[in-house]
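Listing of entry39.txt, compact mmCIF, C-alpha atoms
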# COMPACT_ATOMS: atom_id res chain seq x y z
CA MET A 1 -141.83 124.82 -33.00
CA MET A 2 -139.86 125.54 -36.17
CA ILE A 3 -136.06 125.18 -36.19
CA VAL A 4 -133.86 127.33 -38.43
CA LEU A 5 -130.11 127.86 -38.67
CA ILE A 6 -127.86 130.71 -39.70
CA LEU A 7 -124.38 129.50 -40.63
CA ASP A 8 -121.43 131.80 -40.99
CA LYS A 9 -117.66 132.03 -40.85
CA PRO A 10 -115.22 131.07 -39.60
CA TYR A 11 -116.09 127.35 -39.59
CA VAL A 12 -118.78 124.74 -40.05
CA SER A 13 -117.85 121.23 -38.93
CA GLU A 14 -118.82 118.09 -40.80
CA PHE A 15 -120.59 117.01 -37.62
CA LEU A 16 -122.88 120.04 -37.72
CA GLU A 17 -123.43 119.63 -41.46
CA ASP A 18 -124.34 115.95 -41.01
CA THR A 19 -126.75 116.86 -38.19
CA ILE A 20 -128.47 119.41 -40.41
CA LEU A 21 -128.89 116.81 -43.14
CA GLU A 22 -130.03 114.07 -40.78
CA LEU A 23 -132.70 116.28 -39.18
CA ASN A 24 -133.54 118.06 -42.46
CA LEU A 25 -133.15 121.49 -40.88
CA PRO A 26 -133.72 124.73 -42.85
CA VAL A 27 -130.64 126.92 -43.28
CA LEU A 28 -130.45 130.55 -44.39
CA LYS A 29 -128.94 130.79 -47.87
CA ASN A 30 -126.41 133.52 -47.20
CA LYS A 31 -123.02 134.31 -48.70
CA ALA A 32 -121.09 132.29 -46.13
CA ALA A 33 -123.26 129.18 -46.61
CA LYS A 34 -122.46 129.30 -50.32
CA GLU A 35 -118.74 129.75 -49.72
CA PHE A 36 -118.62 126.73 -47.40
CA LYS A 37 -119.80 124.58 -50.34
CA LEU A 38 -122.13 122.63 -48.09
CA ASN A 39 -124.07 119.60 -49.22
CA GLU A 40 -126.62 120.55 -51.88
CA ASP A 41 -129.26 118.38 -50.21
CA ILE A 42 -129.47 120.87 -47.33
CA ASN A 43 -132.78 122.70 -47.20
CA PHE A 44 -131.57 126.24 -47.96
CA LEU A 45 -134.01 129.11 -47.58
CA GLU A 46 -133.74 132.40 -49.43
CA GLU A 47 -133.61 135.43 -47.16
CA LYS A 48 -137.22 136.49 -47.66
CA GLU A 49 -138.55 132.96 -47.08
CA PHE A 50 -136.41 132.57 -43.95
CA VAL A 51 -137.66 135.86 -42.47
CA ASN A 52 -141.30 135.02 -43.28
CA LYS A 53 -141.01 131.63 -41.58
CA VAL A 54 -139.64 133.20 -38.42
CA LYS A 55 -142.34 135.88 -38.58
CA ASN A 56 -145.19 133.40 -39.00
CA GLU A 57 -144.08 130.52 -36.76
CA GLU A 58 -142.61 130.21 -33.29
CA SER A 59 -138.97 129.41 -33.98
CA LEU A 60 -135.78 128.11 -32.43
CA ILE A 61 -132.82 129.83 -34.07
CA TYR A 62 -129.22 128.68 -33.81
CA SER A 63 -126.06 130.13 -35.31
CA ASN A 64 -122.61 128.53 -35.28
CA SER A 65 -121.04 132.00 -35.23
CA GLU A 66 -121.63 135.54 -34.04
CA ASN A 67 -120.96 137.01 -37.48
CA PRO A 68 -124.71 137.09 -38.37
CA ILE A 69 -125.57 139.35 -35.42
CA ASN A 70 -125.89 142.40 -37.67
CA TRP A 71 -128.12 140.45 -40.09
CA ILE A 72 -130.35 139.35 -37.20
CA THR A 73 -130.61 142.94 -35.97
CA ASN A 74 -131.59 144.19 -39.42
CA HIS A 75 -133.92 141.40 -40.51
CA LEU A 76 -135.38 139.92 -37.32
CA SER A 77 -136.10 143.14 -35.43
CA PHE A 78 -139.71 141.99 -34.98
CA THR A 79 -138.39 139.37 -32.51
CA ASP A 80 -136.75 139.96 -29.13
CA LEU A 81 -133.47 138.43 -30.34
CA PRO A 82 -131.65 141.74 -31.06
CA GLU A 83 -132.38 142.98 -27.53
CA LYS A 84 -131.14 139.77 -25.90
CA ILE A 85 -128.05 139.67 -28.10
CA ASP A 86 -127.17 143.29 -27.29
CA ILE A 87 -127.32 142.70 -23.55
CA PHE A 88 -125.05 139.68 -23.69
CA LYS A 89 -122.70 140.63 -26.50
CA ASP A 90 -121.84 143.95 -24.91
CA LYS A 91 -119.86 143.03 -21.79
CA TYR A 92 -120.62 146.39 -20.20
CA GLN A 93 -124.39 145.90 -20.60
CA PHE A 94 -124.02 142.38 -19.23
CA ARG A 95 -122.31 143.68 -16.09
CA LYS A 96 -125.13 146.20 -15.65
CA LEU A 97 -127.70 143.38 -15.94
CA LEU A 98 -126.03 141.49 -13.09
CA ARG A 99 -125.25 144.54 -10.93
CA ASP A 100 -127.76 143.56 -8.20
CA MET A 101 -126.36 140.03 -8.10
CA TYR A 102 -122.78 141.33 -7.78
CA PRO A 103 -123.05 144.80 -6.16
CA ASP A 104 -119.36 145.02 -5.19
CA PHE A 105 -117.94 144.05 -8.59
CA TYR A 106 -115.76 146.82 -10.12
CA PHE A 107 -116.11 147.62 -13.83
CA ARG A 108 -115.99 150.65 -16.12
CA LYS A 109 -116.10 151.41 -19.83
CA VAL A 110 -113.39 153.26 -21.79
CA SER A 111 -112.99 154.11 -25.45
CA PHE A 112 -109.94 153.15 -27.51
CA ASP A 113 -109.06 156.84 -27.82
CA GLU A 114 -109.08 157.18 -24.02
CA LEU A 115 -106.49 154.46 -23.38
CA ASP A 116 -103.64 156.98 -23.16
CA GLN A 117 -105.60 159.22 -20.77
CA ILE A 118 -106.51 156.60 -18.14
CA ASP A 119 -105.37 157.53 -14.64
CA ILE A 120 -104.10 154.17 -13.51
CA ASN A 121 -104.32 155.28 -9.86
CA GLU A 122 -108.11 155.39 -10.19
CA VAL A 123 -108.33 151.80 -11.40
CA LYS A 124 -108.65 148.79 -9.11
CA ILE A 125 -105.51 146.70 -9.71
CA PRO A 126 -105.17 143.91 -10.77
CA PHE A 127 -107.67 144.23 -13.62
CA ILE A 128 -108.65 142.79 -16.97
CA ILE A 129 -109.10 144.95 -20.04
CA LYS A 130 -110.88 143.60 -23.11
CA PRO A 131 -113.09 144.75 -25.99
CA SER A 132 -116.60 145.46 -24.72
CA VAL A 133 -117.73 143.39 -27.70
CA GLY A 134 -115.17 140.64 -28.24
CA PHE A 135 -114.39 137.07 -29.20
CA PHE A 136 -111.88 134.27 -28.63
CA SER A 137 -109.63 136.03 -26.04
CA MET A 138 -108.63 138.62 -28.64
CA GLY A 139 -107.56 141.92 -27.12
CA VAL A 140 -107.78 140.50 -23.58
CA TYR A 141 -105.03 141.48 -21.14
CA GLN A 142 -104.44 141.15 -17.42
CA VAL A 143 -102.72 144.09 -15.73
CA ASN A 144 -101.07 143.56 -12.35
CA SER A 145 -99.35 146.91 -11.79
CA ALA A 146 -99.19 150.51 -13.01
CA LEU A 147 -95.83 149.77 -14.62
CA GLU A 148 -97.25 146.77 -16.46
CA TRP A 149 -100.07 148.93 -17.84
CA GLU A 150 -97.58 150.92 -19.94
CA LYS A 151 -96.45 147.73 -21.69
CA VAL A 152 -99.96 146.28 -22.05
CA ARG A 153 -101.32 149.49 -23.53
CA GLY A 154 -98.78 149.36 -26.35
CA GLU A 155 -99.41 145.67 -27.06
CA LEU A 156 -103.16 146.19 -27.00
CA LYS A 157 -103.05 149.03 -29.53
CA LYS A 158 -100.85 146.94 -31.82
CA GLU A 159 -103.18 143.93 -31.60
CA VAL A 160 -106.24 146.07 -32.26
CA ASN A 161 -104.72 147.36 -35.50
CA ASN A 162 -103.91 143.79 -36.58
CA MET A 163 -107.34 142.27 -35.96
CA LYS A 164 -109.65 145.00 -37.26
CA ASP A 165 -110.01 143.43 -40.71
CA ASN A 166 -110.70 139.82 -39.68
CA TYR A 167 -114.05 140.12 -37.90
CA PRO A 168 -117.11 142.35 -38.26
CA GLU A 169 -117.75 145.04 -35.65
CA GLU A 170 -120.68 143.04 -34.22
CA VAL A 171 -118.22 140.30 -33.24
CA ILE A 172 -115.25 142.43 -32.14
CA ASN A 173 -115.68 146.14 -31.53
CA THR A 174 -112.27 147.63 -30.83
CA ASN A 175 -113.63 151.13 -30.28
CA GLU A 176 -114.84 150.43 -26.74
CA PHE A 177 -113.27 148.42 -23.93
CA ILE A 178 -114.33 147.30 -20.50
CA ILE A 179 -112.01 147.38 -17.52
CA GLU A 180 -113.09 145.05 -14.73
CA GLU A 181 -111.58 143.64 -11.60
CA ASN A 182 -109.60 140.46 -12.01
CA ILE A 183 -111.49 137.39 -10.80
CA GLU A 184 -109.16 134.84 -9.24
CA GLY A 185 -109.93 131.15 -9.61
CA LYS A 186 -110.57 128.47 -12.16
CA GLU A 187 -112.22 129.38 -15.46
CA PHE A 188 -115.10 127.43 -16.98
CA ALA A 189 -117.14 127.60 -20.18
CA ILE A 190 -120.62 126.12 -20.47
CA ASP A 191 -122.78 125.28 -23.48
CA LEU A 192 -126.46 125.49 -22.62
CA TYR A 193 -129.87 126.59 -23.74
CA TYR A 194 -133.00 127.83 -22.01
CA ASN A 195 -135.96 125.68 -23.02
CA ASP A 196 -139.39 126.96 -24.04
CA GLU A 197 -140.34 127.18 -20.36
CA GLY A 198 -137.25 129.24 -19.48
CA LYS A 199 -135.44 126.37 -17.76
CA PRO A 200 -131.65 126.25 -18.32
CA VAL A 201 -130.32 122.98 -19.75
CA ILE A 202 -126.55 122.40 -19.48
CA LEU A 203 -125.08 120.42 -22.39
CA ASN A 204 -121.39 120.51 -21.43
CA ILE A 205 -119.00 122.08 -18.94
CA LEU A 206 -115.44 122.87 -20.01
CA GLU A 207 -112.60 123.94 -17.74
CA HIS A 208 -110.22 126.40 -19.37
CA ILE A 209 -106.75 125.55 -18.10
CA PHE A 210 -103.80 127.94 -18.24
CA SER A 211 -100.02 127.72 -18.22
CA SER A 212 -99.65 130.50 -15.64
CA GLY A 213 -101.53 133.21 -13.74
CA GLU A 214 -100.85 135.70 -16.53
CA ASP A 215 -101.91 133.38 -19.36
CA VAL A 216 -105.18 134.38 -21.09
CA ASN A 217 -104.81 132.20 -24.19
CA ASP A 218 -107.32 129.65 -25.46
CA ARG A 219 -104.91 126.71 -25.86
CA VAL A 220 -106.64 123.94 -23.83
CA TYR A 221 -110.17 123.30 -22.56
CA ILE A 222 -111.04 120.08 -20.76
CA THR A 223 -114.17 118.27 -19.65
CA SER A 224 -114.60 115.15 -17.56
CA LYS A 225 -116.95 113.15 -15.40
CA LYS A 226 -115.42 114.80 -12.29
CA ILE A 227 -115.95 118.32 -13.65
CA ILE A 228 -119.61 117.71 -14.52
CA GLU A 229 -120.36 116.06 -11.16
CA LYS A 230 -118.67 118.80 -9.14
CA TYR A 231 -119.98 121.93 -10.87
CA HIS A 232 -123.25 121.14 -12.67
CA ASN A 233 -125.65 122.07 -9.88
CA SER A 234 -123.78 125.23 -8.84
CA PHE A 235 -123.81 126.59 -12.38
CA LEU A 236 -127.45 125.62 -12.76
CA ASP A 237 -128.34 127.69 -9.70
CA PHE A 238 -126.71 130.78 -11.22
CA LEU A 239 -128.37 130.20 -14.60
CA ASN A 240 -131.79 129.98 -12.94
CA GLU A 241 -131.12 133.27 -11.15
CA MET A 242 -129.98 134.98 -14.35
CA GLY A 243 -132.97 133.58 -16.23
CA ALA A 244 -135.25 135.35 -13.75
CA LEU A 245 -133.79 138.71 -14.84
CA ILE A 246 -134.51 138.40 -18.56
CA ASN A 247 -136.75 136.21 -20.74
CA LEU A 248 -134.42 133.62 -22.29
CA ASN A 249 -136.93 131.03 -23.50
CA GLY A 250 -135.56 129.05 -26.46
CA PHE A 251 -132.18 130.78 -26.29
CA PRO A 252 -128.80 129.01 -26.79
CA MET A 253 -125.57 130.41 -25.34
CA HIS A 254 -121.96 129.82 -24.39
CA ILE A 255 -121.17 131.36 -20.99
CA GLU A 256 -117.84 131.70 -19.19
CA PHE A 257 -117.28 131.76 -15.43
CA ARG A 258 -114.59 132.05 -12.80
CA VAL A 259 -114.91 129.97 -9.63
CA ASP A 260 -112.75 131.01 -6.67
CA ASN A 261 -111.33 128.89 -3.87
CA ASP A 262 -114.50 129.38 -1.83
CA GLU A 263 -116.59 128.08 -4.75
CA ASN A 264 -118.05 131.54 -5.43
CA ILE A 265 -119.20 131.81 -9.05
CA VAL A 266 -118.69 134.99 -11.05
CA PRO A 267 -119.67 135.12 -14.75
CA ILE A 268 -117.15 136.54 -17.22
CA GLU A 269 -119.23 136.84 -20.38
CA VAL A 270 -121.99 135.33 -22.48
CA ASN A 271 -121.73 134.49 -26.18
CA PRO A 272 -125.32 134.50 -27.47
CA MET A 273 -126.98 132.35 -30.15
CA ARG A 274 -124.19 129.77 -30.26
CA PHE A 275 -122.28 127.17 -28.32
CA ALA A 276 -118.45 126.92 -28.13
CA GLY A 277 -116.92 128.70 -31.12
CA TRP A 278 -115.46 127.12 -34.24
CA CYS A 279 -117.81 124.16 -33.63
CA THR A 280 -115.54 122.99 -30.80
CA THR A 281 -118.79 122.32 -28.95
CA ASP A 282 -118.71 119.00 -30.83
CA VAL A 283 -116.37 117.71 -28.11
CA ALA A 284 -119.52 116.92 -26.10
CA TYR A 285 -120.27 114.12 -28.56
CA HIS A 286 -116.78 112.65 -28.18
CA ALA A 287 -116.93 112.92 -24.40
CA TYR A 288 -120.55 112.10 -23.56
CA GLY A 289 -122.33 111.07 -26.75
CA ILE A 290 -124.28 114.35 -26.66
CA ASN A 291 -125.06 115.99 -29.99
CA VAL A 292 -125.58 119.50 -28.61
CA TYR A 293 -127.36 120.70 -31.76
CA GLU A 294 -129.88 117.86 -31.67
CA TYR A 295 -130.45 118.36 -27.95
CA PHE A 296 -131.22 122.04 -28.51
CA PHE A 297 -133.35 121.54 -31.63
CA LYS A 298 -135.37 118.74 -30.01
CA GLN A 299 -135.33 120.44 -26.59
CA LYS A 300 -133.79 117.36 -24.99
CA GLU A 301 -132.17 117.38 -21.57
CA PRO A 302 -129.13 115.17 -20.80
CA ASN A 303 -129.68 112.56 -18.13
CA TRP A 304 -126.33 113.33 -16.53
CA GLU A 305 -126.67 110.71 -13.81
CA LYS A 306 -127.16 107.98 -16.40
CA ILE A 307 -124.49 109.34 -18.78
CA LEU A 308 -121.81 109.68 -16.10
CA LYS A 309 -122.61 106.36 -14.45
CA ILE A 310 -121.19 104.46 -17.43
CA LYS A 311 -118.59 107.10 -18.39
CA LYS A 312 -114.88 106.31 -18.27
CA ASP A 313 -112.91 108.51 -15.86
CA LYS A 314 -110.91 110.24 -18.59
CA ILE A 315 -110.12 113.82 -19.57
CA TYR A 316 -111.54 115.06 -22.88
CA SER A 317 -109.86 118.14 -24.30
CA ILE A 318 -110.08 120.76 -27.00
CA VAL A 319 -106.59 121.82 -28.07
CA VAL A 320 -106.31 125.07 -30.02
CA ALA A 321 -103.09 124.95 -32.04
CA ASP A 322 -102.39 128.66 -32.31
CA LEU A 323 -99.22 130.00 -33.89
CA PRO A 324 -96.63 131.99 -31.90
CA ASN A 325 -97.25 135.74 -32.15
CA ASP A 326 -93.68 136.51 -33.16
CA ILE A 327 -93.56 134.50 -36.40
CA ASN A 328 -94.41 135.49 -39.95
CA VAL A 329 -96.86 132.97 -41.41
CA ASN A 330 -95.25 133.51 -44.81
CA ASP A 331 -92.09 131.87 -43.44
CA ILE A 332 -93.95 128.59 -42.79
CA ILE A 333 -93.44 125.93 -45.44
CA GLU A 334 -95.66 123.27 -43.90
CA ILE A 335 -97.26 121.95 -40.72
CA ASN A 336 -96.40 118.46 -39.50
CA TYR A 337 -99.95 117.43 -38.71
CA ASP A 338 -99.07 113.76 -38.28
CA LYS A 339 -96.52 114.58 -35.59
CA PHE A 340 -98.97 116.89 -33.82
CA SER A 341 -101.76 114.31 -33.87
CA SER A 342 -99.52 111.44 -32.75
CA TYR A 343 -98.28 113.40 -29.71
CA PHE A 344 -101.52 112.72 -27.86
CA GLU A 345 -102.41 109.53 -26.01
CA ASN A 346 -105.65 109.22 -27.96
CA THR A 347 -106.50 111.72 -30.68
CA LEU A 348 -110.24 111.59 -31.31
CA GLU A 349 -110.41 114.10 -34.15
CA MET A 350 -108.17 116.72 -35.73
CA ARG A 351 -109.47 119.60 -37.85
CA LYS A 352 -106.99 121.43 -40.05
CA ILE A 353 -107.44 125.21 -40.18
CA ASP A 354 -106.18 127.87 -42.60
CA TYR A 355 -103.41 129.28 -40.40
CA ASN A 356 -102.62 132.04 -42.92
CA LYS A 357 -106.03 133.55 -42.27
CA TYR A 358 -106.70 132.71 -38.63
CA GLY A 359 -103.34 132.16 -36.93
CA VAL A 360 -104.45 128.66 -35.83
CA PHE A 361 -103.36 125.54 -37.69
CA ALA A 362 -105.68 122.98 -36.04
CA PHE A 363 -108.37 122.21 -33.50
CA LEU A 364 -107.85 118.81 -31.93
CA PHE A 365 -110.04 116.68 -29.65
CA ALA A 366 -108.16 114.24 -27.40
CA GLU A 367 -108.82 111.69 -24.68
CA THR A 368 -106.22 111.60 -21.90
CA SER A 369 -105.82 109.45 -18.78
CA TYR A 370 -105.57 111.29 -15.46
CA ASP A 371 -102.17 109.73 -14.81
CA ASN A 372 -100.99 111.25 -18.11
CA TRP A 373 -101.88 114.84 -17.14
CA GLY A 374 -98.37 115.95 -18.13
CA GLU A 375 -99.38 115.49 -21.77
CA LEU A 376 -101.76 118.43 -21.51
CA GLU A 377 -99.41 120.54 -19.37
CA THR A 378 -96.66 120.19 -21.97
CA ILE A 379 -98.87 121.16 -24.91
CA LEU A 380 -100.25 124.04 -22.84
CA LYS A 381 -96.79 125.56 -22.42
CA SER A 382 -95.43 124.69 -25.88
CA ASP A 383 -95.02 127.33 -28.58
CA LEU A 384 -95.72 124.48 -31.06
CA ARG A 385 -92.68 125.39 -33.18
CA GLU A 386 -91.67 121.73 -33.29
CA TYR A 387 -94.66 121.10 -35.58
CA LEU A 388 -93.76 123.90 -37.98
CA LYS A 389 -91.29 123.82 -40.85
CA PHE A 390 -89.81 127.19 -41.82
CA LYS A 391 -88.11 128.50 -44.95
CA HIS A 392 -84.96 129.36 -43.00

Can I see the file as structure tokens?
Amino acid sequence: MMIVLILDKPYVSEFLEDTILELNLPVLKNKAAKEFKLNEDINFLEEKEFVNKVKNEESLIYSNSENPINWITNHLSFTDLPEKIDIFKDKYQFRKLLRDMYPDFYFRKVSFDELDQIDINEVKIPFIIKPSVGFFSMGVYQVNSALEWEKVRGELKKEVNNMKDNYPEEVINTNEFIIEENIEGKEFAIDLYYNDEGKPVILNILEHIFSSGEDVNDRVYITSKKIIEKYHNSFLDFLNEMGALINLNGFPMHIEFRVDNDENIVPIEVNPMRFAGWCTTDVAYHAYGINVYEYFFKQKEPNWEKILKIKKDKIYSIVVADLPNDINVNDIIEINYDKFSSYFENTLEMRKIDYNKYGVFAFLFAETSYDNWGELETILKSDLREYLKFKH
């Protein structure tokens, strides 16, 4: 089994780069790989050589980003990857795939141009509206009443105009949206792959915590021994059932769920070909010593019983330091990264991000004691202005 990688924007972590070097993995020599200025010792393959290798050998392919989806469609059409990606990347197609599993679930597709013509009385309220092809909670809104829809519609149109230039259409398509019933309950995100026999292998389970019922932001994700022990088998049951609907052998993914008070599991969406975005999947190494890339490439399965038996009962979090929507990034003089990092009980790693381009100034991994839960609640509700220095 040959292993190949396609790297693309927005981010490649040092951890992923070191893994590639350590395992001597071939990487497509594309524009993004050059711009990242990655280690020259990496085994880069020219486009033609990369395609020929995939054509001539059974391959495991991983991408850190969804940006290469169009390239995969155009150059690897002889594989079944484009078909799998289309089903999962398009949230409407995904709902259709699972229709027999969730026959009573309400969803419909609308175009951007139809937003002003929607008869709100024909929609099941409350509902979620989001790009049919989307990423990172962008363009995602919860609507709880007909009156609220008027406000949300205006905000959505404004956000769409602002984000069109930052991501390719294969990652965020703002021409089509899906409206679906709101799923109450806790939200989870799982990094996993299906092995060469079609068996799902869970590499991490993250709970997405929110500041309120209306919050849809990506500020904090947590994982812990308790979370893995409680939910692993339930999620595995769903993944086995989904795997029976479509051939997913050798396929990595990041899938999001809601779990209601009765422990019913409803999937939200699947992000194909990758694990948690911006290489935040690396938190699994901090939390459990699991290098998710190595596990996928070598088709290894975590021995969760053994891992959790010796694991400290702590909370491991990903904190996304996003900027407030109402500020002008040009007014920021500097970010007080030291203050931000020192706020946490135990900062494991902090990654500085170009906030001018992405509206996020850092991704931070932290370890927190359960009796210090307030630390995460506070950062969840903060607008983070205390870490920003403005011109005036």

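With all atoms listed in the file as the atoms that count, the residue of A:Ile20, A:Leu388, A:Ala362, A:Leu76 with the shortest distance to Asn328 (chain A) is A:Leu388.
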
Rank nothing, just name the residue among A:Pro267, A:Pro68, A:Pro324, A:Pro302 nearest to Ala189 (chain A), using only C-alpha atoms.
->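 Smallest separation from Ala189 (chain A) among the options: A:Pro267.
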
Leaving out region 56-63 of chain A and any residue of its chain fewer than 5 positions from it, which residues lie within 10 Å of it when counting all atoms listed in the file, given as a ChimeraX atom specification?
-> /A:1-8,27,51,68-69,81,195-196,249-253,272-275,293,296-299

Within 10 Å of (-123.2, 149.5, -19.2) (coordinates as in the file), grab all the protein and nucleic acid residues, counting all atoms listed in the file, and write them out as a ChimeraX atom specification.
-> /A:87,90-97,99,107-109,132,178

Write to file, as a PDB file, keeping the file's coordinate frame, the residues of the selection just made, with C-alpha atoms.
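Result went into selection.pdb, see below:
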ATOM      1  CA  ILE A  87    -127.320 142.700 -23.550  1.00  0.00           C
ATOM      2  CA  ASP A  90    -121.840 143.950 -24.910  1.00  0.00           C
ATOM      3  CA  LYS A  91    -119.860 143.030 -21.790  1.00  0.00           C
ATOM      4  CA  TYR A  92    -120.620 146.390 -20.200  1.00  0.00           C
ATOM      5  CA  GLN A  93    -124.390 145.900 -20.600  1.00  0.00           C
ATOM      6  CA  PHE A  94    -124.020 142.380 -19.230  1.00  0.00           C
ATOM      7  CA  ARG A  95    -122.310 143.680 -16.090  1.00  0.00           C
ATOM      8  CA  LYS A  96    -125.130 146.200 -15.650  1.00  0.00           C
ATOM      9  CA  LEU A  97    -127.700 143.380 -15.940  1.00  0.00           C
ATOM     10  CA  ARG A  99    -125.250 144.540 -10.930  1.00  0.00           C
ATOM     11  CA  PHE A 107    -116.110 147.620 -13.830  1.00  0.00           C
ATOM     12  CA  ARG A 108    -115.990 150.650 -16.120  1.00  0.00           C
ATOM     13  CA  LYS A 109    -116.100 151.410 -19.830  1.00  0.00           C
ATOM     14  CA  SER A 132    -116.600 145.460 -24.720  1.00  0.00           C
ATOM     15  CA  ILE A 178    -114.330 147.300 -20.500  1.00  0.00           C
TER      16      ILE A 178
END

In file coordinates, which residues lie within 8 Å of (-117.2, 125.2, -36.3) using only C-alpha atoms, given as a list in words?
->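 Output of the proximity query reads Pro10, Tyr11, Val12, Ser13, Leu16, Asn64, Ser65, Gly277, Trp278, Cys279 and Thr280 of chain A.
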
Go through region 15-132 of chain A and flag each residue having an atom no more than 12 Å from region 153-160 of chain A; for those, report the closest pair of atoms plus their distance in Å to one decimal, using only C-alpha atoms, ordered by chain and rising number, as a tab-separated table.
residue	atom	partner	partner_atom	distance
A:Ser111	CA	A:Lys157	CA	11.9
A:Phe112	CA	A:Lys157	CA	8.3
A:Asp113	CA	A:Lys157	CA	10.0
A:Glu114	CA	A:Arg153	CA	10.9
A:Leu115	CA	A:Arg153	CA	7.2
A:Asp116	CA	A:Arg153	CA	7.8
A:Gln117	CA	A:Arg153	CA	11.0
A:Ile118	CA	A:Arg153	CA	10.3
A:Ile120	CA	A:Arg153	CA	11.4
A:Ile128	CA	A:Arg153	CA	11.9
A:Ile129	CA	A:Leu156	CA	9.2
A:Lys130	CA	A:Leu156	CA	9.0
A:Pro131	CA	A:Val160	CA	9.4

Gln142 (chain A) environment, 12 Å, all atoms listed in the file, sequence neighbours closer than 3 positions dropped, as an MDAnalysis selection string = chainID A and resid 125:130 137 139 145:146 148:149 151:153 155:156 179:184 212:217

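You can rank A:Met350, A:Leu308, A:Ile246, A:Val143 by their closest distance to Phe88 (chain A) using only C-alpha atoms, and at the top of that list sits A:Ile246.
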
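Minimum atom-to-atom distance to Val320 (chain A), evaluated using all atoms listed in the file, belongs to A:Asp218 out of A:Asp218, A:Asp383, A:Asp338, A:Glu377.
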
Counting only C-alpha atoms, what is within 12 Å of region 40-43 of chain A, bar same-chain residues fewer than 4 positions away, as a PDB file with C-alpha atoms, in the frame of the given file?
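The resulting result_3.pdb:
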ATOM      1  CA  ILE A   3    -136.060 125.180 -36.190  1.00  0.00           C
ATOM      2  CA  VAL A   4    -133.860 127.330 -38.430  1.00  0.00           C
ATOM      3  CA  LEU A   5    -130.110 127.860 -38.670  1.00  0.00           C
ATOM      4  CA  LEU A  16    -122.880 120.040 -37.720  1.00  0.00           C
ATOM      5  CA  GLU A  17    -123.430 119.630 -41.460  1.00  0.00           C
ATOM      6  CA  ASP A  18    -124.340 115.950 -41.010  1.00  0.00           C
ATOM      7  CA  THR A  19    -126.750 116.860 -38.190  1.00  0.00           C
ATOM      8  CA  ILE A  20    -128.470 119.410 -40.410  1.00  0.00           C
ATOM      9  CA  LEU A  21    -128.890 116.810 -43.140  1.00  0.00           C
ATOM     10  CA  GLU A  22    -130.030 114.070 -40.780  1.00  0.00           C
ATOM     11  CA  LEU A  23    -132.700 116.280 -39.180  1.00  0.00           C
ATOM     12  CA  ASN A  24    -133.540 118.060 -42.460  1.00  0.00           C
ATOM     13  CA  LEU A  25    -133.150 121.490 -40.880  1.00  0.00           C
ATOM     14  CA  PRO A  26    -133.720 124.730 -42.850  1.00  0.00           C
ATOM     15  CA  VAL A  27    -130.640 126.920 -43.280  1.00  0.00           C
ATOM     16  CA  LEU A  28    -130.450 130.550 -44.390  1.00  0.00           C
ATOM     17  CA  LYS A  29    -128.940 130.790 -47.870  1.00  0.00           C
ATOM     18  CA  ALA A  33    -123.260 129.180 -46.610  1.00  0.00           C
ATOM     19  CA  LYS A  34    -122.460 129.300 -50.320  1.00  0.00           C
ATOM     20  CA  PHE A  36    -118.620 126.730 -47.400  1.00  0.00           C
ATOM     21  CA  GLU A  49    -138.550 132.960 -47.080  1.00  0.00           C
ATOM     22  CA  PHE A  50    -136.410 132.570 -43.950  1.00  0.00           C
TER      23      PHE A  50
END

For CA of Tyr343 (chain A) and CA of Asn204 (chain A), quote the distance in Å rounded to one decimal.
->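 Computed distance, CA of Tyr343 (chain A) to CA of Asn204 (chain A), equals 25.6 Å.
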
So, counting all atoms listed in the file, which residue among A:Ile255, A:Val360, A:Ile205, A:Ile333 is closest to Met242 (chain A)?
->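 Closest to Met242 (chain A) of all the choices is A:Ile255.
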
Expressed in Å, the length from CA of Glu256 (chain A) to CA of Lys186 (chain A) is 10.6 Å

Hey, could you patch up region 321-326 of chain A with N, CA, C and O atoms and hand it over as a short mmCIF file (atom, residue, chain, number, x, y, z; two decimals), in the frame of the given file?
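Listed below is the output, part_27.cif:
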data_model
loop_
_atom_site.label_atom_id
_atom_site.label_comp_id
_atom_site.auth_asym_id
_atom_site.auth_seq_id
_atom_site.Cartn_x
_atom_site.Cartn_y
_atom_site.Cartn_z
N ALA A 321 -104.48 124.87 -31.60
CA ALA A 321 -103.09 124.95 -32.04
C ALA A 321 -102.82 126.31 -32.68
O ALA A 321 -102.78 126.46 -33.90
N ASP A 322 -102.64 127.31 -31.82
CA ASP A 322 -102.39 128.66 -32.31
C ASP A 322 -100.90 128.88 -32.55
O ASP A 322 -100.05 128.33 -31.86
N LEU A 323 -100.61 129.72 -33.52
CA LEU A 323 -99.22 130.00 -33.89
C LEU A 323 -98.61 131.03 -32.93
O LEU A 323 -99.32 131.89 -32.41
N PRO A 324 -97.30 130.97 -32.71
CA PRO A 324 -96.63 131.99 -31.90
C PRO A 324 -96.84 133.38 -32.52
O PRO A 324 -96.85 133.53 -33.74
N ASN A 325 -96.99 134.38 -31.66
CA ASN A 325 -97.25 135.74 -32.15
C ASN A 325 -96.07 136.36 -32.90
O ASN A 325 -96.24 137.26 -33.71
N ASP A 326 -94.86 135.85 -32.62
CA ASP A 326 -93.68 136.51 -33.16
C ASP A 326 -93.19 135.92 -34.48
O ASP A 326 -92.08 136.21 -34.94
#
